[in-house]
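Peer 1: Here's a structure for you.
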Amino acid sequence: MPQIDDAELFGNAEDQRAYEDFCANQESVEKFTLDKPALVCRWRMSNKKVPMLNRHIRALSERLVQGEPLTHNMLSWAKQHVEWSLAEGDYTARDGVLMLVIDINGNAAMTVGEYEPLADTSAKALRARSAEARSEADETGVAPELLAAVNNGELAFVAPTDECLCGTATLIEQLAQTKGIPVTRVDIPAQLKGALFLVSDEHGVVPAAETDAAETDAATVAFFADGYEKLRARRS
């Protein structure tokens, strides 16, 4: 995937100065309590890094706060803050979860916490999480978690055809393409058949605990999960 650099976000000295002022302001904002959260992103980490950072930032650029897209300065600040602050930060959750919070006033802060696997991975629980994420997407434009399934060798996401996918979902889509697996989208979970799973920026690929799917379809979901874990486990 193409790398995001600052040149894509601001291209002249005036914008650069504005960005530097913005960064200074964000550093001071973090010392205070933020207002009501308008957007919360949870990205899984590995060895004090966010392996799919560029994918997450691209999805972040499609999100809305109070009906408005995030500014170029905010996107650049988020990317560089993750890259620099995580590496230098004094915390124990090296493989935890990075949480980015943006409040209703457009101010942002980041924090790191321990990763906690899902306690309930039943199909019912995954559907409930997907429904909650869909409600978030109605406000922000991007769902942080998607319900998906592989049926007869075809991958389907529950998402509108024109919606930007979350970072992890773009990885799964790309993995499918490398295997020549057709990718489609459906409108509602009831349209899904086969091996059900959740795609999440926080939890990765989570197969439903119970399934009567064909062995080949379940193996494809396992391939997606393995591909995600291999990428996340990279230490470079």
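Please note that chains go A, B, ... in the order of the structure tokens, that every chain numbers its residues from 1, and that ligands are numbered from 1 in the order shown.
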I'd like the contact shell of Gly141 (chain A) - 9 Å cut-off, only C-alpha atoms, skipping same-chain residues fewer than 3 positions apart - returned as a list in words.

Peer 2: Glu62, Arg63, Leu64, Glu136, Ala137, Asp138, Glu163 and Cys164 of chain A

Peer 1: Let's have the selection written as a tab-separated table (two decimals), in the first residue's frame, with N, CA and C atoms.

Peer 2:
chain	number	residue	atom	x	y	z
A	62	GLU	N	-11.20	9.30	6.07
A	62	GLU	CA	-12.57	9.21	5.54
A	62	GLU	C	-13.62	9.36	6.64
A	63	ARG	N	-13.18	9.45	7.88
A	63	ARG	CA	-14.12	9.57	8.99
A	63	ARG	C	-14.56	11.03	9.17
A	64	LEU	N	-15.71	11.18	9.82
A	64	LEU	CA	-16.28	12.49	10.07
A	64	LEU	C	-16.39	12.73	11.57
A	136	GLU	N	-22.08	3.36	14.61
A	136	GLU	CA	-20.99	4.34	14.63
A	136	GLU	C	-20.71	4.84	13.21
A	137	ALA	N	-20.73	3.93	12.25
A	137	ALA	CA	-20.46	4.31	10.86
A	137	ALA	C	-21.51	5.28	10.33
A	138	ASP	N	-22.73	5.16	10.82
A	138	ASP	CA	-23.79	6.08	10.38
A	138	ASP	C	-23.44	7.52	10.75
A	163	GLU	N	-18.84	2.64	0.89
A	163	GLU	CA	-18.24	2.99	2.18
A	163	GLU	C	-16.76	2.59	2.22
A	164	CYS	N	-15.93	3.48	2.78
A	164	CYS	CA	-14.52	3.15	3.00
A	164	CYS	C	-14.42	2.08	4.09

Peer 1: DSSP on the backbone, then: every residue of region 13-144 of chain A marked strand (DSSP E), written as a ChimeraX atom specification.

Peer 2: /A:37-44,64-65,68-69,97-103,108-113

Peer 1: Fewer than 5 positions away in the same chain doesn't count, so skip those; otherwise give me all residues within 9 Å of Leu39 (chain A), counting only C-alpha atoms, as a PyMOL selection string.

Peer 2: chain A and resi 63-65+100-104+136+140

Peer 1: Glu210 (chain A): which residues within 9 Å, counting only C-alpha atoms, same-chain residues fewer than 4 positions away excluded, as a PyMOL selection string?

Peer 2: chain A and resi 121-123+196

Peer 1: Those selected residues, please, written with N, CA and C atoms and delivered as a PDB file, in the first residue's frame.

Peer 2:
ATOM      1  N   THR A 121     -17.191 -15.034  21.580  1.00  0.00           N
ATOM      2  CA  THR A 121     -17.011 -15.006  20.117  1.00  0.00           C
ATOM      3  C   THR A 121     -18.113 -15.796  19.412  1.00  0.00           C
ATOM      4  N   SER A 122     -19.242 -15.930  20.080  1.00  0.00           N
ATOM      5  CA  SER A 122     -20.372 -16.598  19.439  1.00  0.00           C
ATOM      6  C   SER A 122     -20.861 -15.750  18.271  1.00  0.00           C
ATOM      7  N   ALA A 123     -21.560 -16.376  17.355  1.00  0.00           N
ATOM      8  CA  ALA A 123     -22.096 -15.648  16.207  1.00  0.00           C
ATOM      9  C   ALA A 123     -23.014 -14.519  16.667  1.00  0.00           C
ATOM     10  N   LEU A 196     -18.667 -17.520   9.226  1.00  0.00           N
ATOM     11  CA  LEU A 196     -18.857 -16.163   9.730  1.00  0.00           C
ATOM     12  C   LEU A 196     -17.650 -15.718  10.559  1.00  0.00           C
TER      13      LEU A 196
END

Peer 1: Return the single residue from A:Ala156, A:Cys166, A:Ile188, A:Val150 that is closest to Phe223 (chain A), with distances computed using only C-alpha atoms.

Peer 2: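 Of A:Ala156, A:Cys166, A:Ile188, A:Val150, the one nearest Phe223 (chain A), counting only C-alpha atoms, is A:Val150.
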
Peer 1: Run DSSP on the backbone and tell me which residues of region 20-229 of chain A come out as alpha helix (DSSP H); list them as a ChimeraX atom specification.

Peer 2: /A:20-29,53-60,72-88,123-140,167-178,215-229

Peer 1: For a test of reading the model, state the distance in Å between CA of Pro160 (chain A) and CA of Ala131 (chain A), rounded to one decimal.

Peer 2: 13.5 Å

Peer 1: I need the residue nearest Ala128 (chain A) from this list: A:Gly167, A:Pro189, A:Pro51, A:Pro207. Use only C-alpha atoms for the distance.

Peer 2: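 Looking only at the distances to Ala128 (chain A), the closest residue turns out to be A:Pro189.
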
Peer 1: Which of these residues is nearest to Ala87 (chain A), using only C-alpha atoms: A:Arg232, A:Lys124, A:Arg55, A:Lys49?

Peer 2: A:Lys49

Peer 1: Measuring atom to atom with only C-alpha atoms, identify which of A:Thr216, A:Leu231, A:Ala38, A:Trp84 is nearest to Leu70 (chain A).

Peer 2: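 Closest to Leu70 (chain A) of all the choices is A:Ala38.
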
Peer 1: Can you tell me how far CA of Gln177 (chain A) sits from CA of Asp120 (chain A), in Å to one decimal?

Peer 2: 29.7 Å
